[in-house]
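Heads up: the structure comes next, in structure tokens.
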Amino acid sequence: LNRRLAEFGTTIFAEMSALAVRTGAINLGQGFPDTDGPEEIREAAVRALRDGRGNQYPPGPGVPELRAAVADHQLRRYGLSYDPDTEVLVTAGATEAIAAALLALVEPGDEVVALEPYYDSYAACVAMAGGTRVPVTLRPHEGAFRLDLDELRDAVTDRTRLLLLNTPHNPTGTVLTRPELAAIAELAVERDLLVVTDEVYEHLVFDTAEHIPLASFPGMRERTVTIGSAGKTFSFTGWKVGWVTAAPALLTAVRSAKQYLTYVASGPFQYAVAEALALPESYFAAYRQDMEAKRDLLAAGLAEAGFGVYRPAGTYFVTTDIRPLGERDGFAFCRSLPERAGVVAVPNAVFYDHREEGAPFVRFAFCKRLPVLQEAVQRLKTLA
Ligand code: PMP
Ligand code: GLN
């Protein structure tokens with residue numbers, strides 16, 4: 001492995017899912033649902049395969065049906081108008097969108113400011129692009145991990161090229177509020193920064209939380225690359241269909257990089273996802289309600305089992321503090337948890353540069369069937 005990637009070995013998700021398979025433990029580590037998305041959308045994929053749509057290379061930017069559906073979704077939901085021909089790009093999941101955006105927009109030596117803890121591919125992609133990551137740490141405050149806007153402002157230097165945002169935020173479940181997003185937008189405009197914003201959990205916001213795309217703030221549309229994912233929104237993580245919306249110059253740049261990563265991917269699935277994005281609002285509402293009930297069950301169960309619980313406002317992850325259980329090291333805790341309790345979780349420390357900050361936090365995924373979550377809770381209660 002070259003020097004740029006030396007610190008990135010096997011991803012934590014692969015390590016922990018392998019541990020779950022080896023031990024037969026309940027896997028609340030890697031974030032993937034244990035029930036597939038809508039039957040009619042699976043049927044749409046089968047139809048596309050049978051009709052020979054997408055079995056050969058689809059168009060580089062994505063099939064027109066899906067680009068139109070993405071544009072329509074952004075307009076319908078957020079009032080954001082994007083031209084499907086020049087401002088929408090289909091990618092091999094959000095993972096490729098993140099990689100292509102960073103490879104396209106970061107010059108070697110540029111600083112990339114990102115909210116820590118961050119999704120694991122961010123650090124690796126910044127490194128592959130030759131950039132320097134500058135973490136701004138979200139810290140617990142009144143039951144949630146919050147951004148300190150002064151720290152964010154201080155993190156921006158003359159070498160900062162872009163902000164890499166994620167809301168709703170994995171792994172903390174934080175959803176950035178309108179005033180926070182407005183302040184971030186003002187900073188980006190004032191310092192002339194680009195923003196790549198990972199909004200793959202846009203449909204998973206709970207209680208009174210609201211997802212507001214950063215691109216909808218004044219001055220942001222022209223400088224923002226927004227990323228979405230069918231894996232997260234429709235529970236088809238294996239299909240690897242993601243998308244980017246951005247103004248033409250930015251989109252063209254991201255597309256240039258994307259061409260040389262996968263060129264294209266997921267042909268027939270693109271047609272199915274186009275149909276999924278056109279599902280009625282009742283689908284999205286039911287999905288959110290289902291996940292909210294699962295959050296409630298797991299958050300309450302973890303609290304009963306003795307964990308400190310940060311009730312997430314979004315995503316399908318709960319971050320916990322293991323110190324009330326007399327534990328301090330999330331890594332050691334997660335490595336022993338399958339044996340001690342038959343459950344797999346992820347140590348948040350892997351998402352930090354400041355490993356010490358993340359040491360006592362452990363993430364559990366709740367995108368699992370209710371009986372599975374109930375059983376996991378019963379097992380975790382034996383820890384206390
Ligand atoms: N960003 C975040 C914050 C994620 O949690 C994930 C999925 N784990 C991704 C990106 C990757 O999405 P995809 O599966 O569409 O590549
Ligand atoms: N996004 C998922 C998570 O955070 C996992 C994705 C992956 O395995 N790369 O758990």
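We name chains A, B, ... following the order of the structure tokens; residues begin at 1 in each chain, and ligands are numbered from 1 as shown.
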(Q) Env of Arg223 (chain A): 7 Å cut, atoms = only C-alpha atoms, seq-sep filter 3 positions within chain, self excluded. Answer as a list in words. (A)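 Non-adjacent residues within range: Leu194, Val195 and Met220 of chain A.
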Q | Within-6 Å residues of ligand 1, basis only C-alpha atoms and all ligand atoms, as a PyMOL selection string | A | chain A and resi 31+93-95+119+170+198+200+229+231+237+240+242
Store the residues picked out above, limited to N, CA and C atoms, as a PDB file, in the first residue's frame.
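Generated output (result_39.pdb):
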```pdb
ATOM      1  N   GLY A  31     -23.949  -0.637   8.495  1.00  0.00           N
ATOM      2  CA  GLY A  31     -25.299  -0.110   8.289  1.00  0.00           C
ATOM      3  C   GLY A  31     -25.923  -0.594   6.998  1.00  0.00           C
ATOM      4  N   GLY A  93     -23.050   4.308  -6.369  1.00  0.00           N
ATOM      5  CA  GLY A  93     -23.279   4.593  -4.949  1.00  0.00           C
ATOM      6  C   GLY A  93     -22.746   5.965  -4.578  1.00  0.00           C
ATOM      7  N   ALA A  94     -23.103   6.396  -3.357  1.00  0.00           N
ATOM      8  CA  ALA A  94     -22.569   7.664  -2.861  1.00  0.00           C
ATOM      9  C   ALA A  94     -21.059   7.563  -2.679  1.00  0.00           C
ATOM     10  N   THR A  95     -20.572   6.358  -2.460  1.00  0.00           N
ATOM     11  CA  THR A  95     -19.129   6.163  -2.247  1.00  0.00           C
ATOM     12  C   THR A  95     -18.335   6.678  -3.447  1.00  0.00           C
ATOM     13  N   TYR A 119     -17.456   9.684   8.222  1.00  0.00           N
ATOM     14  CA  TYR A 119     -17.656   8.434   7.496  1.00  0.00           C
ATOM     15  C   TYR A 119     -16.309   8.010   6.915  1.00  0.00           C
ATOM     16  N   ASN A 170     -23.648  10.562   9.918  1.00  0.00           N
ATOM     17  CA  ASN A 170     -23.198   9.232  10.329  1.00  0.00           C
ATOM     18  C   ASN A 170     -21.815   9.403  10.952  1.00  0.00           C
ATOM     19  N   ASP A 198     -22.830  15.394   1.785  1.00  0.00           N
ATOM     20  CA  ASP A 198     -23.287  14.012   1.731  1.00  0.00           C
ATOM     21  C   ASP A 198     -24.622  13.955   2.462  1.00  0.00           C
ATOM     22  N   VAL A 200     -27.002  11.462   2.116  1.00  0.00           N
ATOM     23  CA  VAL A 200     -27.589  10.150   1.805  1.00  0.00           C
ATOM     24  C   VAL A 200     -28.718   9.761   2.774  1.00  0.00           C
ATOM     25  N   SER A 229     -28.244   8.735  -2.325  1.00  0.00           N
ATOM     26  CA  SER A 229     -28.012   7.299  -2.520  1.00  0.00           C
ATOM     27  C   SER A 229     -29.297   6.484  -2.463  1.00  0.00           C
ATOM     28  N   GLY A 231     -29.177   3.333  -2.046  1.00  0.00           N
ATOM     29  CA  GLY A 231     -28.915   2.334  -1.012  1.00  0.00           C
ATOM     30  C   GLY A 231     -29.610   2.723   0.275  1.00  0.00           C
ATOM     31  N   THR A 237     -28.812  -1.481  -0.708  1.00  0.00           N
ATOM     32  CA  THR A 237     -27.400  -1.063  -0.620  1.00  0.00           C
ATOM     33  C   THR A 237     -26.516  -1.827  -1.608  1.00  0.00           C
ATOM     34  N   LYS A 240     -25.807  -0.261  -5.480  1.00  0.00           N
ATOM     35  CA  LYS A 240     -24.801   0.783  -5.715  1.00  0.00           C
ATOM     36  C   LYS A 240     -25.250   1.798  -6.764  1.00  0.00           C
ATOM     37  N   GLY A 242     -25.996   5.798  -6.789  1.00  0.00           N
ATOM     38  CA  GLY A 242     -25.970   7.084  -6.099  1.00  0.00           C
ATOM     39  C   GLY A 242     -26.085   8.183  -7.134  1.00  0.00           C
TER      40      GLY A 242
END
```
Q | For His211 (chain A), the nearest of the candidates A:Thr224, A:Ser235, A:Thr315, A:Thr320, counting only C-alpha atoms | A |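 Checking each candidate against His211 (chain A), we get A:Thr315 as the closest.
Counting only C-alpha atoms, region 85-87 of chain A has the following residues at most 9 Å away, ignoring those fewer than 5 positions along the same chain: Pro61, Pro64, Arg67, Ala68, Ala71, Val244, Thr245, Ala246, Ala247, Pro248, Ala249, Leu250, Leu251 and Thr252 of chain A.
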Q: Please check which protein, DNA or RNA residues sit within 9 Å of ligand 2, counting only C-alpha atoms and all ligand atoms, and write them as a list in words.
A: Thr11, Ile12, Phe13, Ala14, Ser17, Leu28, Gly29, Gln30, Gly31, Phe32, Thr95, Tyr119, Asp120, Ser121, Asn170, Pro171, Lys232, Thr237, Phe317, Val346 and Ala365 of chain A
(Q) Between CA of Ala276 (chain A) and CA of Leu176 (chain A), what distance in Å does the model show, to one decimal? (A)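 Computing it gives 26.3 Å between the two atoms.
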Q. In region 120-166 of chain A, what's alpha helix (DSSP H) per DSSP? Answer as a PyMOL selection string?
A. chain A and resi 120-128+149-155
Check which residues of region 65-178 of chain A sit at most 6 Å from region 349-359 of chain A using only C-alpha atoms, and return one row each with the closest pair of atoms and their distance in Å to one decimal, ordered by chain and rising number, as CSV.
```
residue,atom,partner,partner_atom,distance
A:Glu116,CA,A:Tyr352,CA,5.8
A:Pro117,CA,A:Phe351,CA,4.7
A:Tyr118,CA,A:Phe351,CA,4.9
A:Asp120,CA,A:Phe351,CA,5.8
```
